[in-house]
Structures are given as C-alpha cells and as structure tokens.
file run.pdb (PDB, C-alpha atoms)
MODEL        1
ATOM      1  CA  MET A   1     100.206 -34.841 -48.200  1.00  0.00           C
ATOM      2  CA  VAL A   2     103.683 -34.902 -46.637  1.00  0.00           C
ATOM      3  CA  ARG A   3     105.823 -31.777 -46.376  1.00  0.00           C
ATOM      4  CA  THR A   4     108.781 -30.703 -44.264  1.00  0.00           C
ATOM      5  CA  TYR A   5     108.604 -27.295 -42.621  1.00  0.00           C
ATOM      6  CA  GLU A   6     110.145 -25.403 -39.748  1.00  0.00           C
ATOM      7  CA  ALA A   7     108.019 -24.641 -36.693  1.00  0.00           C
ATOM      8  CA  LEU A   8     108.625 -22.512 -33.625  1.00  0.00           C
ATOM      9  CA  VAL A   9     108.116 -23.689 -30.060  1.00  0.00           C
ATOM     10  CA  MET A  10     106.007 -21.121 -28.228  1.00  0.00           C
ATOM     11  CA  ASP A  11     106.368 -20.217 -24.524  1.00  0.00           C
ATOM     12  CA  ASP A  12     103.492 -22.529 -23.614  1.00  0.00           C
ATOM     13  CA  GLY A  13     105.040 -25.452 -25.526  1.00  0.00           C
ATOM     14  CA  HIS A  14     102.733 -25.331 -28.539  1.00  0.00           C
ATOM     15  CA  LEU A  15     104.206 -25.399 -32.028  1.00  0.00           C
ATOM     16  CA  SER A  16     103.596 -22.442 -34.309  1.00  0.00           C
ATOM     17  CA  VAL A  17     103.021 -23.259 -37.982  1.00  0.00           C
ATOM     18  CA  ALA A  18     103.405 -20.447 -40.525  1.00  0.00           C
ATOM     19  CA  ASP A  19     100.267 -19.123 -42.247  1.00  0.00           C
ATOM     20  CA  ASN A  20     101.514 -20.086 -45.713  1.00  0.00           C
ATOM     21  CA  VAL A  21     101.974 -23.689 -44.527  1.00  0.00           C
ATOM     22  CA  ARG A  22      98.482 -23.793 -43.022  1.00  0.00           C
ATOM     23  CA  HIS A  23      96.994 -22.472 -46.268  1.00  0.00           C
ATOM     24  CA  GLU A  24      99.049 -24.740 -48.535  1.00  0.00           C
ATOM     25  CA  MET A  25      98.040 -27.823 -46.566  1.00  0.00           C
ATOM     26  CA  ASN A  26      94.504 -26.515 -45.952  1.00  0.00           C
ATOM     27  CA  LEU A  27      94.873 -27.085 -42.202  1.00  0.00           C
ATOM     28  CA  GLN A  28      91.860 -26.317 -40.050  1.00  0.00           C
ATOM     29  CA  ARG A  29      91.769 -25.389 -36.347  1.00  0.00           C
ATOM     30  CA  GLY A  30      91.719 -28.510 -34.176  1.00  0.00           C
ATOM     31  CA  GLU A  31      92.947 -30.779 -36.958  1.00  0.00           C
ATOM     32  CA  ARG A  32      95.333 -33.466 -35.786  1.00  0.00           C
ATOM     33  CA  LEU A  33      98.728 -33.869 -37.446  1.00  0.00           C
ATOM     34  CA  GLU A  34     101.472 -36.444 -37.257  1.00  0.00           C
ATOM     35  CA  VAL A  35     104.645 -34.605 -36.226  1.00  0.00           C
ATOM     36  CA  THR A  36     108.229 -35.823 -36.287  1.00  0.00           C
ATOM     37  CA  ILE A  37     110.411 -33.606 -34.131  1.00  0.00           C
ATOM     38  CA  ARG A  38     114.051 -32.949 -34.925  1.00  0.00           C
ATOM     39  CA  ARG A  39     116.006 -30.007 -33.545  1.00  0.00           C
ATOM     40  CA  PHE A  40     116.920 -27.577 -36.332  1.00  0.00           C
ATOM     41  CA  PRO A  41     120.713 -27.258 -36.460  1.00  0.00           C
ATOM     42  CA  GLU A  42     121.874 -23.844 -35.254  1.00  0.00           C
ATOM     43  CA  ASP A  43     124.634 -23.857 -37.830  1.00  0.00           C
ATOM     44  CA  ALA A  44     122.535 -24.980 -40.807  1.00  0.00           C
ATOM     45  CA  LEU A  45     123.585 -22.018 -42.943  1.00  0.00           C
ATOM     46  CA  THR A  46     127.052 -21.529 -41.509  1.00  0.00           C
ATOM     47  CA  ASP A  47     128.044 -25.024 -42.677  1.00  0.00           C
ATOM     48  CA  ASN A  48     127.534 -23.836 -46.247  1.00  0.00           C
ATOM     49  CA  PRO A  49     130.647 -21.987 -47.466  1.00  0.00           C
ATOM     50  CA  LEU A  50     128.481 -19.949 -49.845  1.00  0.00           C
ATOM     51  CA  ALA A  51     125.996 -18.852 -47.160  1.00  0.00           C
ATOM     52  CA  GLU A  52     127.746 -15.550 -46.511  1.00  0.00           C
ATOM     53  CA  ILE A  53     127.422 -14.446 -50.141  1.00  0.00           C
ATOM     54  CA  ILE A  54     123.751 -15.366 -50.552  1.00  0.00           C
ATOM     55  CA  GLY A  55     121.819 -12.157 -51.122  1.00  0.00           C
ATOM     56  CA  MET A  56     124.922  -9.911 -51.101  1.00  0.00           C
ATOM     57  CA  CYS A  57     124.019  -8.256 -54.367  1.00  0.00           C
ATOM     58  CA  GLY A  58     120.395  -7.652 -53.536  1.00  0.00           C
ATOM     59  CA  ASN A  59     118.182  -6.987 -56.534  1.00  0.00           C
ATOM     60  CA  ILE A  60     120.770  -5.575 -58.909  1.00  0.00           C
ATOM     61  CA  GLY A  61     121.306  -6.710 -62.462  1.00  0.00           C
ATOM     62  CA  LYS A  62     119.167  -8.966 -64.615  1.00  0.00           C
ATOM     63  CA  ASN A  63     116.478 -11.191 -63.147  1.00  0.00           C
ATOM     64  CA  ASP A  64     115.660 -13.204 -66.265  1.00  0.00           C
ATOM     65  CA  SER A  65     119.029 -14.844 -66.897  1.00  0.00           C
ATOM     66  CA  SER A  66     117.635 -18.379 -66.955  1.00  0.00           C
ATOM     67  CA  VAL A  67     115.340 -17.455 -69.831  1.00  0.00           C
ATOM     68  CA  ASN A  68     117.620 -15.119 -71.796  1.00  0.00           C
ATOM     69  CA  HIS A  69     121.019 -16.648 -71.060  1.00  0.00           C
ATOM     70  CA  ASP A  70     121.909 -17.038 -74.755  1.00  0.00           C
ATOM     71  CA  TYR A  71     121.195 -13.381 -75.383  1.00  0.00           C
ATOM     72  CA  TYR A  72     123.243 -12.190 -72.403  1.00  0.00           C
ATOM     73  CA  LEU A  73     126.176 -14.517 -73.144  1.00  0.00           C
ATOM     74  CA  TYR A  74     126.255 -14.476 -76.951  1.00  0.00           C
ATOM     75  CA  LYS A  75     123.897 -11.634 -77.935  1.00  0.00           C
ATOM     76  CA  GLU A  76     121.722 -14.246 -79.663  1.00  0.00           C
ATOM     77  CA  ASP A  77     117.994 -14.847 -79.190  1.00  0.00           C
ATOM     78  CA  ASN A  78     116.792 -18.190 -77.839  1.00  0.00           C
ATOM     79  CA  PRO A  79     115.585 -20.582 -80.544  1.00  0.00           C
TER      80      PRO A  79
ENDMDL
END

call {"tool": "encode", "arguments": {"input": "run.pdb", "output": "structure tokens"}}
result
Amino acid sequence: MVRTYEALVMDDGHLSVADNVRHEMNLQRGERLEVTIRRFPEDALTDNPLAEIIGMCGNIGKNDSSVNHDYYLYKEDNP
C-alpha cells in the first residue's frame, strides 16, 4: 500500500505519524517503512488564491447540495 502523508519531526529526530494513518495502514510498533523525505512547502496554502476563503462560512447553509442541487436550483426533485 502506498500513501502520501505529512509527518512531524520530533525533537529527538524521529518522525511522528498520525494515529489515523497508523490505523489506516495497519502499522505495528517496530514495523519498517520505506520513507521518501521532502520538505513540506511553508507556503503550500498561501500559493492558492482561494486559500483565504476556505472555511470562511463555517457550517452555515445547506450541506447536501451535491445530492439535491436540482431542487435548490430549480425547485425540482432529482430523477
């Protein structure tokens, strides 16, 4: 299984892998992994012109628009 994830470098130099990643990949303590290291760009989100508006509205409005788009746009039920 190959996945790409972020990891944190700890004070002692070890890499920290998030719990959800360990569970998804069923990683066990002491298991060996092949790791490709690339520095995460500091400006990864700031390069995106839309980054500043992501999450601005919070959880307001409808959350099922992909399913009921016809209803919301045309007041018609999906076929």

call {"tool": "residues_around", "arguments": {"input": "run.pdb", "residues": "segment 13-28 of chain A", "least_positions_apart": "4", "cutoff": "10 Å", "atoms": "all atoms listed in the file", "output": "VMD selection string"}}
result
chain A and resid 1 to 9 32 to 33

call {"tool": "atom_distance", "arguments": {"input": "run.pdb", "atom1": "atom CA of Asp11 of chain A", "atom2": "atom CA of Val35 of chain A"}}
result
18.6 Å

call {"tool": "atom_distance", "arguments": {"input": "run.pdb", "atom1": "atom CA of Arg39 of chain A", "atom2": "atom CA of Met56 of chain A"}}
result
28.1 Å

call {"tool": "atom_distance", "arguments": {"input": "run.pdb", "atom1": "atom CA of Glu34 of chain A", "atom2": "atom CA of Asp12 of chain A"}}
result
19.6 Å
